[in-house]
2 protein chains.
Amino acid sequence: MKAGILGYGNLGRGVEAAIARCDDIELKAVYTRRDPAGLSIATPGAAVKSAAELDTGLEDIDVLIICGGSATDLPGMTPKYAALYNVVDSFDTHANIPTHFANVDEAAKKGGRIGLISCGWDPGMFSLNRLYATSILPGGHDYTFWGKGVSQGHSDAIRRIEGVLDARQYTIPVEAAVDKVRSGSNPTLTTREKHTRECFVVAADDADKARIEEEIKTMPNYFADYDTTVHFITSEEMKRDHSGLPHGGSVIYSGETGSNGNKHVIEYKLKLDSNPEFTGAVLTAYARAIVRLNAEGVTGGKTVFDIAPAYLSPVSGEELRAHYL
Amino acid sequence: MKAGILGYGNLGRGVEAAIARCDDIELKAVYTRRDPAGLSIATPGAAVKSAAELDTGLEDIDVLIICGGSATDLPGMTPKYAALYNVVDSFDTHANIPTHFANVDEAAKKGGRIGLISCGWDPGMFSLNRLYATSILPGGHDYTFWGKGVSQGHSDAIRRIEGVLDARQYTIPVEAAVDKVRSGSNPTLTTREKHTRECFVVAADDADKARIEEEIKTMPNYFADYDTTVHFITSEEMKRDHSGLPHGGSVIYSGETGSNGNKHVIEYKLKLDSNPEFTGAVLTAYARAIVRLNAEGVTGGKTVFDIAPAYLSPVSGEELRAHYL
């Protein structure tokens, strides 16, 4: 099958890397809103094109993987292109998922395509695990821990502080809280008890570090509700020690069965060297699935909840049953 | 929806306990091959009937959950009843899955029903996690560890030794091996390196314990390839300390992305107080799914790979997207 990627930031490059490891998917083009002449990509033979080319609806692709931001890009982009192509996005503004889904569903149905939204690991694989667990053990409790990993949103928030040249923020789950949840005791945990935040900051030479640290630690929503530590480092240290984008986390669900209240704990855990490359790999597997489903006549808005797992794999049902069941 | 259970051993009772926690599923009857008059069940209002009643194809049930053994019961039962009802089983003889699937598929298609086989946690939830992981990160390695938990097959094997009155065998994963796998180093592990076996045995007063221990430790297939410890205990200790059927385990998958070989480790872990009650809960969720799929016109043989996760939940797609995604 033939795929296109819209957007060539970290996630777009992650999708490209994932496609390179799939024998059954060919990257036809990367589409960009910038000048295509200024962009060079990693895949030999794939084109770099202007995003405007997509508007014709005639691009030779079976699926478009949209790698834009949830705040301003995806709410417009995904419905627009879902009318023309099978599309996958990683929309992650939880509160706006119902509206985004409705828009994509309407457009995709009109165009006879599939638009799969909110794909990746959270939302995505973590959501799936919440759903499987609560379906098997109704009435239980789910907990999600993130990290240790780089939060780009929090890193960006620090970079906006005066005197900050660069910043990297790690979200870190509190191991004692994770262990409590793993025990099946269904603890009530505050925001502060679940995660800590560790910040590495490169400050301008003349900056007031005490003021920067105070501004970080008291920043509403981002840091005020957490125990936060701030380390000032050099730009060389930043480059040497913090250039990766690792992440991960776990969904832990505990529920009961039987009249004696037998306890069961289900844990799904990810440890990722590269958040955008793993997310890109999930998007790519779901891109494969929706192309196959659309070929069977399925159309409309979808999420990971709607896709039977067998569609994600290039392997036949017979092989899957023989080797994976 | 209305469900029937065929067979009332540990698993049948586990399914009954799971149905009791589902508002949308009513247990209509337990079917038994023994004398129904001799069986009393836990669900008020549900009937106890002879399995022979099922042969009419007229029982008032939307799905039959077949709780028989893989060796001799299910190969005949599941195809037979799949021609008449939507059915779910927990067939777990891996080598015979292709044949069993073909038989169930043929019968279910003829009858216009769905027959879902090999459901539970392994095969079942573990299989799903192997499939999701390999679809996202092709070319990686999967490892499955079982335990700590009671293996009924191994317990039974010990009970067949002369002089043994009762026995319980725990399969225990070797933590050092689990940690090696979690590190993403893709180790090659022998059978002995992955699990140990711990046996609790009640021997007859006049039995030769040294001989029993030797017979256990050298038993081919079951114990010879493992480091096995044997403890002789009293029947009171057996009853007091080993009457539960806990189990669990983990599927750990490690794979790579990108040209720099970024590593990712995916772990799915279960810690179960009651193996049959958890397995019964999985069977019940899939029973719900196939009733809904059959109502949409889907027929034939299925496995967990073929079922979109949303079908497992009684909650609407809208609610799922709003609260679980």
# chains A, B, ... in the order shown; residues from 1 in each chain; ligands from 1
>>> closest_atom_pairs(of="chain B", to="chain A", cutoff="6 Å", atoms="only C-alpha atoms", output="JSON lines")
{"residue": "B:Ala17", "atom": "CA", "partner": "A:Gly258", "partner_atom": "CA", "distance": 5.0}
{"residue": "B:Pro123", "atom": "CA", "partner": "A:Leu325", "partner_atom": "CA", "distance": 5.6}
{"residue": "B:Ser127", "atom": "CA", "partner": "A:Leu325", "partner_atom": "CA", "distance": 4.8}
{"residue": "B:Ser135", "atom": "CA", "partner": "A:Ser313", "partner_atom": "CA", "distance": 5.0}
{"residue": "B:Ile136", "atom": "CA", "partner": "A:Val282", "partner_atom": "CA", "distance": 5.3}
{"residue": "B:Gly258", "atom": "CA", "partner": "A:Ala17", "partner_atom": "CA", "distance": 4.9}
{"residue": "B:Asn262", "atom": "CA", "partner": "A:Asp273", "partner_atom": "CA", "distance": 5.4}
{"residue": "B:Lys263", "atom": "CA", "partner": "A:Asp273", "partner_atom": "CA", "distance": 5.4}
{"residue": "B:His264", "atom": "CA", "partner": "A:Leu272", "partner_atom": "CA", "distance": 4.5}
{"residue": "B:Val265", "atom": "CA", "partner": "A:Lys271", "partner_atom": "CA", "distance": 5.1}
{"residue": "B:Ile266", "atom": "CA", "partner": "A:Leu270", "partner_atom": "CA", "distance": 4.8}
{"residue": "B:Glu267", "atom": "CA", "partner": "A:Lys269", "partner_atom": "CA", "distance": 5.0}
{"residue": "B:Tyr268", "atom": "CA", "partner": "A:Tyr268", "partner_atom": "CA", "distance": 4.5}
{"residue": "B:Lys269", "atom": "CA", "partner": "A:Glu267", "partner_atom": "CA", "distance": 5.0}
{"residue": "B:Leu270", "atom": "CA", "partner": "A:Ile266", "partner_atom": "CA", "distance": 4.8}
{"residue": "B:Lys271", "atom": "CA", "partner": "A:Val265", "partner_atom": "CA", "distance": 5.1}
{"residue": "B:Leu272", "atom": "CA", "partner": "A:His264", "partner_atom": "CA", "distance": 4.5}
{"residue": "B:Asp273", "atom": "CA", "partner": "A:Lys263", "partner_atom": "CA", "distance": 5.4}
{"residue": "B:Ala281", "atom": "CA", "partner": "A:Ile136", "partner_atom": "CA", "distance": 5.4}
{"residue": "B:Val282", "atom": "CA", "partner": "A:Ile136", "partner_atom": "CA", "distance": 5.3}
{"residue": "B:Ala285", "atom": "CA", "partner": "A:Ile136", "partner_atom": "CA", "distance": 5.7}
{"residue": "B:Phe305", "atom": "CA", "partner": "A:Ala310", "partner_atom": "CA", "distance": 5.0}
{"residue": "B:Asp306", "atom": "CA", "partner": "A:Ala308", "partner_atom": "CA", "distance": 5.2}
{"residue": "B:Ile307", "atom": "CA", "partner": "A:Ala308", "partner_atom": "CA", "distance": 4.9}
{"residue": "B:Ala308", "atom": "CA", "partner": "A:Ala308", "partner_atom": "CA", "distance": 3.7}
{"residue": "B:Pro309", "atom": "CA", "partner": "A:Phe305", "partner_atom": "CA", "distance": 5.1}
{"residue": "B:Ala310", "atom": "CA", "partner": "A:Phe305", "partner_atom": "CA", "distance": 5.0}
{"residue": "B:Leu312", "atom": "CA", "partner": "A:Ser135", "partner_atom": "CA", "distance": 5.8}
{"residue": "B:Ser313", "atom": "CA", "partner": "A:Ser135", "partner_atom": "CA", "distance": 5.0}
{"residue": "B:Tyr324", "atom": "CA", "partner": "A:Ser127", "partner_atom": "CA", "distance": 5.7}
{"residue": "B:Leu325", "atom": "CA", "partner": "A:Ser127", "partner_atom": "CA", "distance": 4.8}
>>> select_by_dssp(residues="region 79-301 of chain A", states="strand (DSSP E or B)", output="ChimeraX atom specification")
/A:87-88,114-116,121,124,141-146,149-150,164-173,195-203,227-232,245,247-257,262-272,274,300-301
>>> select_by_dssp(residues="region 36-239 of chain A", states="helix (DSSP H, G or I)", output="number ranges by chain")
A: 36-38, 51-56, 74-82, 94-111, 125-136, 152-159, 175-182, 191-194, 209-217, 235-239
>>> write_last_selection(atoms="C-alpha atoms", output="PDB file, in the first residue's frame")
ATOM      1  CA  PRO A  36       9.115  21.672  -0.499  1.00  0.00           C
ATOM      2  CA  ALA A  37      12.413  22.695  -2.069  1.00  0.00           C
ATOM      3  CA  GLY A  38      13.800  23.379   1.399  1.00  0.00           C
ATOM      4  CA  ALA A  51       0.494  20.213   1.133  1.00  0.00           C
ATOM      5  CA  ALA A  52      -1.598  22.110  -1.416  1.00  0.00           C
ATOM      6  CA  GLU A  53      -1.276  19.152  -3.803  1.00  0.00           C
ATOM      7  CA  LEU A  54      -3.453  17.109  -1.471  1.00  0.00           C
ATOM      8  CA  ASP A  55      -6.427  19.382  -2.142  1.00  0.00           C
ATOM      9  CA  THR A  56      -6.994  17.845  -5.550  1.00  0.00           C
ATOM     10  CA  LEU A  74      -5.663  18.714  13.373  1.00  0.00           C
ATOM     11  CA  PRO A  75      -9.137  20.166  14.065  1.00  0.00           C
ATOM     12  CA  GLY A  76      -9.103  21.607  10.537  1.00  0.00           C
ATOM     13  CA  MET A  77      -6.782  19.242   8.726  1.00  0.00           C
ATOM     14  CA  THR A  78      -8.185  15.845   9.627  1.00  0.00           C
ATOM     15  CA  PRO A  79     -11.817  16.472   8.572  1.00  0.00           C
ATOM     16  CA  LYS A  80     -10.610  18.267   5.435  1.00  0.00           C
ATOM     17  CA  TYR A  81      -8.430  15.401   4.251  1.00  0.00           C
ATOM     18  CA  ALA A  82     -10.751  12.648   5.570  1.00  0.00           C
ATOM     19  CA  HIS A  94      -9.189  14.787  25.389  1.00  0.00           C
ATOM     20  CA  ALA A  95     -11.999  17.278  25.989  1.00  0.00           C
ATOM     21  CA  ASN A  96     -12.427  17.923  22.260  1.00  0.00           C
ATOM     22  CA  ILE A  97     -12.399  14.333  21.061  1.00  0.00           C
ATOM     23  CA  PRO A  98     -16.215  14.059  20.656  1.00  0.00           C
ATOM     24  CA  THR A  99     -16.363  17.161  18.423  1.00  0.00           C
ATOM     25  CA  HIS A 100     -13.291  16.185  16.434  1.00  0.00           C
ATOM     26  CA  PHE A 101     -14.667  12.672  15.966  1.00  0.00           C
ATOM     27  CA  ALA A 102     -18.021  13.991  14.749  1.00  0.00           C
ATOM     28  CA  ASN A 103     -16.340  16.265  12.200  1.00  0.00           C
ATOM     29  CA  VAL A 104     -14.057  13.529  10.900  1.00  0.00           C
ATOM     30  CA  ASP A 105     -16.873  10.974  10.833  1.00  0.00           C
ATOM     31  CA  GLU A 106     -19.091  13.225   8.733  1.00  0.00           C
ATOM     32  CA  ALA A 107     -16.346  14.086   6.264  1.00  0.00           C
ATOM     33  CA  ALA A 108     -15.102  10.518   5.934  1.00  0.00           C
ATOM     34  CA  LYS A 109     -18.582   9.122   5.357  1.00  0.00           C
ATOM     35  CA  LYS A 110     -19.247  11.703   2.643  1.00  0.00           C
ATOM     36  CA  GLY A 111     -15.973  10.846   0.951  1.00  0.00           C
ATOM     37  CA  MET A 125      -2.487   1.828  23.224  1.00  0.00           C
ATOM     38  CA  PHE A 126      -3.162   3.070  26.761  1.00  0.00           C
ATOM     39  CA  SER A 127      -6.808   3.698  25.860  1.00  0.00           C
ATOM     40  CA  LEU A 128      -7.108   0.182  24.473  1.00  0.00           C
ATOM     41  CA  ASN A 129      -5.782  -1.265  27.676  1.00  0.00           C
ATOM     42  CA  ARG A 130      -8.204   0.768  29.762  1.00  0.00           C
ATOM     43  CA  LEU A 131     -11.036  -0.516  27.577  1.00  0.00           C
ATOM     44  CA  TYR A 132      -9.995  -4.176  27.572  1.00  0.00           C
ATOM     45  CA  ALA A 133      -9.504  -4.137  31.344  1.00  0.00           C
ATOM     46  CA  THR A 134     -12.801  -2.480  32.229  1.00  0.00           C
ATOM     47  CA  SER A 135     -14.661  -4.752  29.802  1.00  0.00           C
ATOM     48  CA  ILE A 136     -13.205  -7.847  31.470  1.00  0.00           C
ATOM     49  CA  GLN A 152       7.386  18.576  25.190  1.00  0.00           C
ATOM     50  CA  GLY A 153       4.539  20.758  26.418  1.00  0.00           C
ATOM     51  CA  HIS A 154       6.218  21.320  29.776  1.00  0.00           C
ATOM     52  CA  SER A 155       9.602  21.872  28.167  1.00  0.00           C
ATOM     53  CA  ASP A 156       8.056  24.498  25.906  1.00  0.00           C
ATOM     54  CA  ALA A 157       6.386  26.191  28.875  1.00  0.00           C
ATOM     55  CA  ILE A 158       9.752  26.623  30.582  1.00  0.00           C
ATOM     56  CA  ARG A 159      11.335  27.959  27.395  1.00  0.00           C
ATOM     57  CA  GLU A 175       7.430   4.544  42.462  1.00  0.00           C
ATOM     58  CA  ALA A 176       5.729   4.296  45.851  1.00  0.00           C
ATOM     59  CA  ALA A 177       2.429   5.273  44.239  1.00  0.00           C
ATOM     60  CA  VAL A 178       2.919   2.812  41.382  1.00  0.00           C
ATOM     61  CA  ASP A 179       3.625   0.028  43.889  1.00  0.00           C
ATOM     62  CA  LYS A 180       0.530   0.902  45.897  1.00  0.00           C
ATOM     63  CA  VAL A 181      -1.592   0.655  42.752  1.00  0.00           C
ATOM     64  CA  ARG A 182       0.093  -2.600  41.717  1.00  0.00           C
ATOM     65  CA  THR A 191      -1.669  14.776  41.460  1.00  0.00           C
ATOM     66  CA  ARG A 192       1.376  15.440  43.646  1.00  0.00           C
ATOM     67  CA  GLU A 193       1.499  11.859  44.878  1.00  0.00           C
ATOM     68  CA  LYS A 194       1.515  10.359  41.384  1.00  0.00           C
ATOM     69  CA  LYS A 209      18.294  31.837  38.236  1.00  0.00           C
ATOM     70  CA  ALA A 210      16.406  32.099  41.505  1.00  0.00           C
ATOM     71  CA  ARG A 211      13.618  33.976  39.742  1.00  0.00           C
ATOM     72  CA  ILE A 212      13.485  31.417  36.903  1.00  0.00           C
ATOM     73  CA  GLU A 213      13.299  28.531  39.362  1.00  0.00           C
ATOM     74  CA  GLU A 214      10.512  30.270  41.268  1.00  0.00           C
ATOM     75  CA  GLU A 215       8.583  30.992  38.062  1.00  0.00           C
ATOM     76  CA  ILE A 216       8.807  27.340  37.021  1.00  0.00           C
ATOM     77  CA  LYS A 217       7.774  25.909  40.373  1.00  0.00           C
ATOM     78  CA  SER A 235      24.010  24.097  26.612  1.00  0.00           C
ATOM     79  CA  GLU A 236      26.779  21.510  26.058  1.00  0.00           C
ATOM     80  CA  GLU A 237      25.328  19.352  28.841  1.00  0.00           C
ATOM     81  CA  MET A 238      21.850  19.783  27.375  1.00  0.00           C
ATOM     82  CA  LYS A 239      23.044  18.564  24.005  1.00  0.00           C
TER      83      LYS A 239
END
>>> atom_distance(atom1="CA of Val298 (chain A)", atom2="CA of Arg113 (chain A)")
7.6 Å
>>> atom_distance(atom1="CA of Thr171 (chain B)", atom2="CA of Asp206 (chain B)")
28.2 Å
>>> atom_distance(atom1="CA of Pro220 (chain A)", atom2="CA of Cys199 (chain A)")
15.6 Å
>>> closest_residue(among="A:Val87, A:Ala46, A:Leu6, A:Val150", to="Gly300 (chain A)", atoms="only C-alpha atoms")
A:Val87
>>> closest_residue(among="B:Gly12, B:Leu165, B:Phe145, B:Met219", to="Leu189 (chain B)", atoms="only C-alpha atoms")
B:Phe145
>>> closest_residue(among="B:Gly9, B:Leu58, B:Val174, B:Leu64", to="Ala29 (chain B)", atoms="only C-alpha atoms")
B:Leu64
>>> residues_around(residues="Arg34 (chain B)", least_positions_apart="5", cutoff="10 Å", atoms="only C-alpha atoms", output="short mmCIF file (atom, residue, chain, number, x, y, z; two decimals) with N, CA and C atoms, in the first residue's frame")
data_model
loop_
_atom_site.label_atom_id
_atom_site.label_comp_id
_atom_site.auth_asym_id
_atom_site.auth_seq_id
_atom_site.Cartn_x
_atom_site.Cartn_y
_atom_site.Cartn_z
N GLY B 7 -20.96 -26.94 31.29
CA GLY B 7 -19.89 -27.44 32.17
C GLY B 7 -19.77 -26.58 33.41
N TYR B 8 -19.71 -27.24 34.57
CA TYR B 8 -19.74 -26.46 35.82
C TYR B 8 -18.57 -26.84 36.73
N LEU B 39 -26.96 -31.13 40.77
CA LEU B 39 -26.11 -29.93 40.68
C LEU B 39 -26.86 -28.71 41.19
N LYS B 49 -29.75 -27.72 33.55
CA LYS B 49 -30.35 -28.60 32.55
C LYS B 49 -29.35 -29.63 32.06
N SER B 50 -29.88 -30.65 31.47
CA SER B 50 -29.02 -31.64 30.84
C SER B 50 -28.43 -31.07 29.55
N ALA B 51 -27.17 -31.38 29.30
CA ALA B 51 -26.53 -30.91 28.08
C ALA B 51 -27.30 -31.39 26.84
#
>>> closest_residue(among="A:Ala287, A:Ala204, A:Ala83, A:Ile66", to="Glu26 (chain A)", atoms="only C-alpha atoms")
A:Ala287
>>> decode(residues="region 83-95 of chain B", atoms="all heavy atoms", output="PDB file, in the first residue's frame")
ATOM      1  N   ALA B  83     -22.822 -24.883  15.410  1.00  0.00           N
ATOM      2  CA  ALA B  83     -23.816 -24.981  14.337  1.00  0.00           C
ATOM      3  C   ALA B  83     -25.188 -24.502  14.807  1.00  0.00           C
ATOM      4  O   ALA B  83     -26.063 -24.191  14.006  1.00  0.00           O
ATOM      5  CB  ALA B  83     -23.899 -26.424  13.841  1.00  0.00           C
ATOM      6  N   LEU B  84     -25.358 -24.435  16.139  1.00  0.00           N
ATOM      7  CA  LEU B  84     -26.684 -24.153  16.700  1.00  0.00           C
ATOM      8  C   LEU B  84     -26.774 -22.836  17.463  1.00  0.00           C
ATOM      9  O   LEU B  84     -27.844 -22.228  17.550  1.00  0.00           O
ATOM     10  CB  LEU B  84     -27.084 -25.291  17.655  1.00  0.00           C
ATOM     11  CG  LEU B  84     -27.083 -26.703  17.062  1.00  0.00           C
ATOM     12  CD1 LEU B  84     -27.237 -27.744  18.164  1.00  0.00           C
ATOM     13  CD2 LEU B  84     -28.197 -26.845  16.021  1.00  0.00           C
ATOM     14  N   TYR B  85     -25.652 -22.424  18.057  1.00  0.00           N
ATOM     15  CA  TYR B  85     -25.643 -21.229  18.920  1.00  0.00           C
ATOM     16  C   TYR B  85     -24.349 -20.450  18.679  1.00  0.00           C
ATOM     17  O   TYR B  85     -23.375 -21.014  18.176  1.00  0.00           O
ATOM     18  CB  TYR B  85     -25.680 -21.639  20.410  1.00  0.00           C
ATOM     19  CG  TYR B  85     -26.797 -22.582  20.776  1.00  0.00           C
ATOM     20  CD1 TYR B  85     -26.586 -23.956  20.841  1.00  0.00           C
ATOM     21  CD2 TYR B  85     -28.076 -22.090  21.057  1.00  0.00           C
ATOM     22  CE1 TYR B  85     -27.621 -24.828  21.169  1.00  0.00           C
ATOM     23  CE2 TYR B  85     -29.114 -22.960  21.394  1.00  0.00           C
ATOM     24  CZ  TYR B  85     -28.875 -24.327  21.444  1.00  0.00           C
ATOM     25  OH  TYR B  85     -29.894 -25.187  21.766  1.00  0.00           O
ATOM     26  N   ASN B  86     -24.341 -19.176  19.053  1.00  0.00           N
ATOM     27  CA  ASN B  86     -23.065 -18.486  19.180  1.00  0.00           C
ATOM     28  C   ASN B  86     -22.333 -19.130  20.351  1.00  0.00           C
ATOM     29  O   ASN B  86     -22.926 -19.317  21.421  1.00  0.00           O
ATOM     30  CB  ASN B  86     -23.277 -17.003  19.476  1.00  0.00           C
ATOM     31  CG  ASN B  86     -23.951 -16.276  18.330  1.00  0.00           C
ATOM     32  OD1 ASN B  86     -23.538 -16.399  17.178  1.00  0.00           O
ATOM     33  ND2 ASN B  86     -24.998 -15.516  18.636  1.00  0.00           N
ATOM     34  N   VAL B  87     -21.059 -19.456  20.151  1.00  0.00           N
ATOM     35  CA  VAL B  87     -20.322 -20.144  21.215  1.00  0.00           C
ATOM     36  C   VAL B  87     -18.942 -19.516  21.421  1.00  0.00           C
ATOM     37  O   VAL B  87     -18.363 -18.927  20.513  1.00  0.00           O
ATOM     38  CB  VAL B  87     -20.124 -21.654  20.911  1.00  0.00           C
ATOM     39  CG1 VAL B  87     -21.469 -22.368  20.821  1.00  0.00           C
ATOM     40  CG2 VAL B  87     -19.300 -21.858  19.650  1.00  0.00           C
ATOM     41  N   VAL B  88     -18.456 -19.652  22.647  1.00  0.00           N
ATOM     42  CA  VAL B  88     -17.094 -19.235  23.001  1.00  0.00           C
ATOM     43  C   VAL B  88     -16.446 -20.401  23.721  1.00  0.00           C
ATOM     44  O   VAL B  88     -17.079 -21.033  24.570  1.00  0.00           O
ATOM     45  CB  VAL B  88     -17.114 -18.027  23.967  1.00  0.00           C
ATOM     46  CG1 VAL B  88     -15.698 -17.615  24.354  1.00  0.00           C
ATOM     47  CG2 VAL B  88     -17.858 -16.853  23.369  1.00  0.00           C
ATOM     48  N   ASP B  89     -15.185 -20.700  23.371  1.00  0.00           N
ATOM     49  CA  ASP B  89     -14.459 -21.676  24.181  1.00  0.00           C
ATOM     50  C   ASP B  89     -13.064 -21.162  24.531  1.00  0.00           C
ATOM     51  O   ASP B  89     -12.664 -20.080  24.107  1.00  0.00           O
ATOM     52  CB  ASP B  89     -14.418 -23.065  23.510  1.00  0.00           C
ATOM     53  CG  ASP B  89     -13.355 -23.216  22.411  1.00  0.00           C
ATOM     54  OD1 ASP B  89     -12.427 -22.386  22.315  1.00  0.00           O
ATOM     55  OD2 ASP B  89     -13.441 -24.203  21.650  1.00  0.00           O
ATOM     56  N   SER B  90     -12.354 -21.977  25.329  1.00  0.00           N
ATOM     57  CA  SER B  90     -11.012 -21.597  25.774  1.00  0.00           C
ATOM     58  C   SER B  90      -9.986 -22.633  25.317  1.00  0.00           C
ATOM     59  O   SER B  90      -9.029 -22.923  26.027  1.00  0.00           O
ATOM     60  CB  SER B  90     -10.986 -21.465  27.298  1.00  0.00           C
ATOM     61  OG  SER B  90     -11.315 -22.726  27.884  1.00  0.00           O
ATOM     62  N   PHE B  91     -10.181 -23.156  24.121  1.00  0.00           N
ATOM     63  CA  PHE B  91      -9.299 -24.198  23.571  1.00  0.00           C
ATOM     64  C   PHE B  91      -7.832 -23.759  23.619  1.00  0.00           C
ATOM     65  O   PHE B  91      -7.474 -22.719  23.059  1.00  0.00           O
ATOM     66  CB  PHE B  91      -9.717 -24.490  22.128  1.00  0.00           C
ATOM     67  CG  PHE B  91      -8.992 -25.649  21.498  1.00  0.00           C
ATOM     68  CD1 PHE B  91      -9.381 -26.958  21.787  1.00  0.00           C
ATOM     69  CD2 PHE B  91      -7.936 -25.446  20.633  1.00  0.00           C
ATOM     70  CE1 PHE B  91      -8.727 -28.028  21.210  1.00  0.00           C
ATOM     71  CE2 PHE B  91      -7.268 -26.521  20.047  1.00  0.00           C
ATOM     72  CZ  PHE B  91      -7.665 -27.816  20.341  1.00  0.00           C
ATOM     73  N   ASP B  92      -6.985 -24.558  24.260  1.00  0.00           N
ATOM     74  CA  ASP B  92      -5.611 -24.083  24.440  1.00  0.00           C
ATOM     75  C   ASP B  92      -4.534 -25.079  24.028  1.00  0.00           C
ATOM     76  O   ASP B  92      -3.385 -24.953  24.443  1.00  0.00           O
ATOM     77  CB  ASP B  92      -5.390 -23.606  25.878  1.00  0.00           C
ATOM     78  CG  ASP B  92      -5.462 -24.751  26.885  1.00  0.00           C
ATOM     79  OD1 ASP B  92      -5.744 -25.889  26.486  1.00  0.00           O
ATOM     80  OD2 ASP B  92      -5.240 -24.481  28.077  1.00  0.00           O
ATOM     81  N   THR B  93      -4.888 -26.056  23.210  1.00  0.00           N
ATOM     82  CA  THR B  93      -3.855 -26.943  22.672  1.00  0.00           C
ATOM     83  C   THR B  93      -3.293 -26.294  21.403  1.00  0.00           C
ATOM     84  O   THR B  93      -3.840 -26.441  20.306  1.00  0.00           O
ATOM     85  CB  THR B  93      -4.441 -28.334  22.345  1.00  0.00           C
ATOM     86  OG1 THR B  93      -5.191 -28.809  23.468  1.00  0.00           O
ATOM     87  CG2 THR B  93      -3.333 -29.319  22.025  1.00  0.00           C
ATOM     88  N   HIS B  94      -2.195 -25.556  21.582  1.00  0.00           N
ATOM     89  CA  HIS B  94      -1.712 -24.683  20.511  1.00  0.00           C
ATOM     90  C   HIS B  94      -1.566 -25.386  19.161  1.00  0.00           C
ATOM     91  O   HIS B  94      -1.989 -24.857  18.137  1.00  0.00           O
ATOM     92  CB  HIS B  94      -0.384 -24.035  20.926  1.00  0.00           C
ATOM     93  CG  HIS B  94      -0.573 -22.897  21.869  1.00  0.00           C
ATOM     94  ND1 HIS B  94      -0.640 -21.588  21.443  1.00  0.00           N
ATOM     95  CD2 HIS B  94      -0.750 -22.866  23.205  1.00  0.00           C
ATOM     96  CE1 HIS B  94      -0.835 -20.805  22.488  1.00  0.00           C
ATOM     97  NE2 HIS B  94      -0.902 -21.542  23.574  1.00  0.00           N
ATOM     98  N   ALA B  95      -0.994 -26.590  19.190  1.00  0.00           N
ATOM     99  CA  ALA B  95      -0.707 -27.272  17.929  1.00  0.00           C
ATOM    100  C   ALA B  95      -1.976 -27.603  17.146  1.00  0.00           C
ATOM    101  O   ALA B  95      -1.942 -27.718  15.920  1.00  0.00           O
ATOM    102  CB  ALA B  95       0.085 -28.552  18.202  1.00  0.00           C
TER     103      ALA B  95
END
